[in-house]
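**Student:** Handing over start.txt, compact mmCIF, C-alpha atoms and all ligand atoms.
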```
# COMPACT_ATOMS: atom_id res chain seq x y z
CA MET A 7 -2.76 -0.58 -6.15
CA ALA A 8 -4.55 1.79 -8.45
CA GLU A 9 -2.63 3.16 -11.39
CA ILE A 10 -1.60 6.82 -11.07
CA ASP A 11 -2.57 9.01 -14.02
CA ILE A 12 0.66 10.60 -15.25
CA SER A 13 -1.02 12.52 -18.09
CA GLN A 14 -2.07 15.24 -15.65
CA PRO A 15 0.50 18.08 -15.35
CA ARG A 16 2.17 17.98 -11.94
CA GLU A 17 4.01 20.34 -9.72
CA CYS A 18 7.58 19.11 -9.40
CA ILE A 19 9.35 19.62 -6.10
CA GLY A 20 13.07 18.88 -6.01
CA ARG A 21 14.55 17.81 -2.70
CA ALA A 22 17.61 16.05 -1.44
CA PHE A 23 16.67 13.14 0.80
CA LYS A 24 17.79 9.67 1.84
CA GLY A 25 15.30 6.84 1.80
CA LYS A 26 11.80 8.28 1.72
CA PRO A 27 10.88 11.99 1.50
CA GLY A 28 7.91 11.72 3.86
CA PRO A 29 4.30 12.54 2.96
CA CYS A 30 3.16 14.71 0.03
CA PRO A 31 4.02 18.36 0.87
CA HIS A 32 0.64 19.48 -0.46
CA CYS A 33 -1.96 17.03 0.77
CA GLY A 34 -0.12 14.67 3.12
CA GLY A 35 -0.80 11.70 0.84
CA VAL A 36 1.51 8.69 0.76
CA LEU A 37 3.99 9.22 -2.07
CA ARG A 38 4.70 6.33 -4.39
CA GLN A 39 8.02 5.74 -6.12
CA GLU A 40 7.60 5.01 -9.83
CA TYR A 41 9.78 4.37 -12.84
CA LEU A 42 9.06 7.26 -15.20
CA THR A 43 10.67 8.61 -18.33
CA TYR A 44 11.90 12.18 -17.91
CA LEU A 45 12.96 14.87 -20.30
CA ILE A 46 16.09 16.66 -19.14
CA THR A 47 17.42 19.58 -21.13
CA ALA A 48 20.73 21.35 -21.04
CA GLN A 49 21.25 25.04 -21.03
CA ARG A 50 24.35 27.03 -21.85
CA ASP A 51 24.55 30.80 -21.35
CA GLY A 52 20.80 30.97 -20.94
CA GLN A 53 20.10 29.16 -24.23
CA LEU A 54 18.31 25.83 -24.29
CA GLN A 55 20.39 23.05 -25.82
CA ASN A 56 19.50 19.47 -26.61
CA GLY A 57 17.82 17.25 -24.13
CA PHE A 58 17.78 13.58 -23.40
CA ILE A 59 15.12 11.27 -22.10
CA ALA A 60 15.89 8.77 -19.39
CA PRO A 61 13.81 6.21 -17.52
CA GLU A 62 14.49 6.76 -13.83
CA ASN A 63 12.99 6.03 -10.45
CA PHE A 64 14.05 9.19 -8.61
CA GLY A 65 10.50 10.59 -8.58
CA LEU A 66 7.67 9.89 -6.17
CA LEU A 67 4.12 10.57 -7.27
CA CYS A 68 1.23 11.56 -5.05
CA PRO A 69 -1.82 9.45 -5.87
CA ALA A 70 -4.17 12.08 -4.40
CA CYS A 71 -2.99 15.36 -5.97
CA PRO A 72 -0.86 16.48 -8.95
CA THR A 73 2.51 16.53 -7.18
CA ILE A 74 5.80 14.78 -7.81
CA VAL A 75 8.75 14.90 -5.43
CA VAL A 76 12.09 14.33 -7.13
CA ASN A 77 15.23 13.25 -5.32
CA SER A 78 17.65 15.96 -6.41
CA ASP A 79 20.68 13.97 -5.23
CA LYS A 80 19.76 11.15 -7.62
CA LEU A 81 19.03 13.63 -10.40
CA ARG A 82 22.43 15.25 -9.89
CA GLU A 83 24.04 11.81 -10.00
CA LEU A 84 22.34 10.98 -13.30
CA ILE A 85 23.37 14.26 -14.87
CA GLY A 86 26.93 13.71 -13.68
CA LEU A 87 26.98 10.29 -15.36
CA ARG A 88 25.38 11.42 -18.57
CA VAL A 89 27.06 14.77 -19.05
CA ALA A 90 30.62 13.65 -19.78
CA PRO A 91 30.00 12.05 -23.19
CA TRP A 92 27.41 14.60 -24.06
CA ALA A 93 28.63 17.92 -22.64
CA ALA A 94 26.18 20.18 -24.44
CA GLY A 95 25.44 22.49 -21.57
CA THR A 96 26.51 23.84 -18.25
CA GLU A 97 23.14 23.70 -16.53
CA PHE A 98 20.38 21.16 -16.65
CA ALA A 99 16.67 21.30 -16.11
CA LEU A 100 14.14 18.60 -15.48
CA VAL A 101 11.31 19.63 -17.80
CA GLY A 102 8.64 17.01 -17.49
CA ILE A 103 7.52 13.42 -17.78
CA VAL A 104 7.37 11.64 -21.13
CA ASP A 105 4.29 9.46 -21.50
CA ILE A 106 6.31 6.68 -23.09
CA ASP A 107 3.37 4.23 -23.00
CA ALA A 108 1.56 6.48 -25.49
CA VAL A 109 4.08 5.40 -28.14
CA PRO A 110 4.54 1.79 -29.35
CA ALA A 111 7.92 0.37 -28.28
CA GLU A 112 9.05 -0.23 -31.87
CA GLU A 113 8.63 3.51 -32.55
CA TRP A 114 10.76 4.72 -29.62
CA THR A 115 13.76 5.43 -31.86
CA GLN A 116 11.49 7.82 -33.80
CA LEU A 117 10.57 9.80 -30.70
CA GLY A 118 10.90 13.53 -31.07
CA ARG A 119 10.66 13.34 -34.87
CA GLU A 120 7.73 14.42 -36.96
CA THR A 121 6.01 11.02 -36.93
CA TRP A 122 6.13 10.74 -33.15
CA PRO A 123 6.44 14.09 -31.41
CA LEU A 124 7.55 13.64 -27.82
CA PRO A 125 4.47 12.97 -25.64
CA LEU A 126 5.75 15.35 -23.01
CA ILE A 127 3.77 16.30 -19.94
CA GLU A 128 5.48 19.44 -18.73
CA PHE A 129 5.47 20.21 -15.03
CA SER A 130 2.92 22.85 -14.12
CA ARG A 131 5.33 24.33 -11.62
CA ILE A 132 8.87 23.57 -10.58
CA SER A 133 10.36 24.37 -7.22
CA GLY A 134 13.33 23.33 -5.15
CA GLU A 135 16.45 21.76 -6.60
CA VAL A 136 15.60 20.67 -10.10
CA PHE A 137 17.75 23.10 -12.02
CA LEU A 138 21.27 21.99 -11.57
CA ARG A 139 24.86 22.25 -12.52
CA PRO A 140 26.58 18.87 -12.75
CA ASP A 141 29.45 19.90 -10.48
CA GLY A 142 27.03 20.82 -7.69
CA SER A 143 27.73 24.55 -7.73
CA ASP A 144 24.85 27.02 -7.72
ZN ZN B 1 -0.59 15.14 -2.67
```
The structure given in the file should be rewritten as structure tokens.
**Tutor:**
Amino acid sequence: MAEIDISQPRECIGRAFKGKPGPCPHCGGVLRQEYLTYLITAQRDGQLQNGFIAPENFGLLCPACPTIVVNSDKLRELIGLRVAPWAAGTEFALVGIVDIDAVPAEEWTQLGRETWPLPLIEFSRISGEVFLRPDGSD
């Protein structure tokens, strides 16, 4: 299978689904589940707080157009697991994909510092359930 170019900004569509989400909502292409590294940031009272990066497979990329469908149930689960020790915010946002392969593995601990700014590919547009509170309230 051809490699999907993740360096292109994508529209992120958050959806709750079990199994597969069906075809790409934009072009009808066959979505492909991939392990990607995401940047998730916390927000408290409208102010951005720290974020964390996590490799996850809750996103499905369209090989034909710049779309990613994210399983919002899985995202909520991850935030629920990660928030307890961290607790910096009351709301969370999925911001984009980190092009982790652009940085040598031995430099990963330096990510986000001056030497290796985060190679973040922000989503061009975000819709659906990707801005969440860990307790599931809206
Ligand atoms: Zn598509």
**Student:** As an exercise, work out the distance from CA of Leu54 in chain A to CA of Leu67 in chain A in Å and give it to one decimal place.
**Tutor:**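 Straight-line distance from CA of Leu54 in chain A to CA of Leu67 in chain A works out to 26.9 Å.
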**Student:** Kindly give the distance, in Å, that separates CA of Arg131 in chain A and CA of Gly25 in chain A, rounded to a single decimal.
**Tutor:**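 Distance reported for this atom pair: 24.2 Å.
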**Student:** Pick out the residues sitting within 7 Å of Val36 in chain A, and hand them over as a ChimeraX atom specification; count all atoms listed in the file, and ignore anything fewer than 3 positions along from it in its own chain.
**Tutor:** /A:29-30,68
**Student:** I need the residue nearest Ser78 in chain A from this list: A:Leu100, A:Leu42, A:Ile12, A:Ala60. Use all atoms listed in the file for the distance.
**Tutor:**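 Checking each candidate against Ser78 in chain A, we get A:Leu100 as the closest.
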**Student:** Give me, as a list of chain:residue names, the set of residues whose atoms come within 6 Å of any atom of ligand ZN 1 (chain B), counting only C-alpha atoms and all ligand atoms.
**Tutor:**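 Within the 6 Å cut-off, the matching residues are A:Cys30, A:His32, A:Cys33, A:Gly34, A:Gly35, A:Cys68, A:Ala70, A:Cys71, A:Thr73.
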**Student:** Any chance you can output those residues with C-alpha atoms as a compact mmCIF listing (two decimals), in the coordinates of the input?
**Tutor:**
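Written out: again-v7.txt:
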```txt
# COMPACT_ATOMS: atom_id res chain seq x y z
CA CYS A 30 3.16 14.71 0.03
CA HIS A 32 0.64 19.48 -0.46
CA CYS A 33 -1.96 17.03 0.77
CA GLY A 34 -0.12 14.67 3.12
CA GLY A 35 -0.80 11.70 0.84
CA CYS A 68 1.23 11.56 -5.05
CA ALA A 70 -4.17 12.08 -4.40
CA CYS A 71 -2.99 15.36 -5.97
CA THR A 73 2.51 16.53 -7.18
```
**Student:** Between CA of Glu83 in chain A and CA of Pro31 in chain A, what distance in Å does the model show, to one decimal?
**Tutor:** 23.7 Å
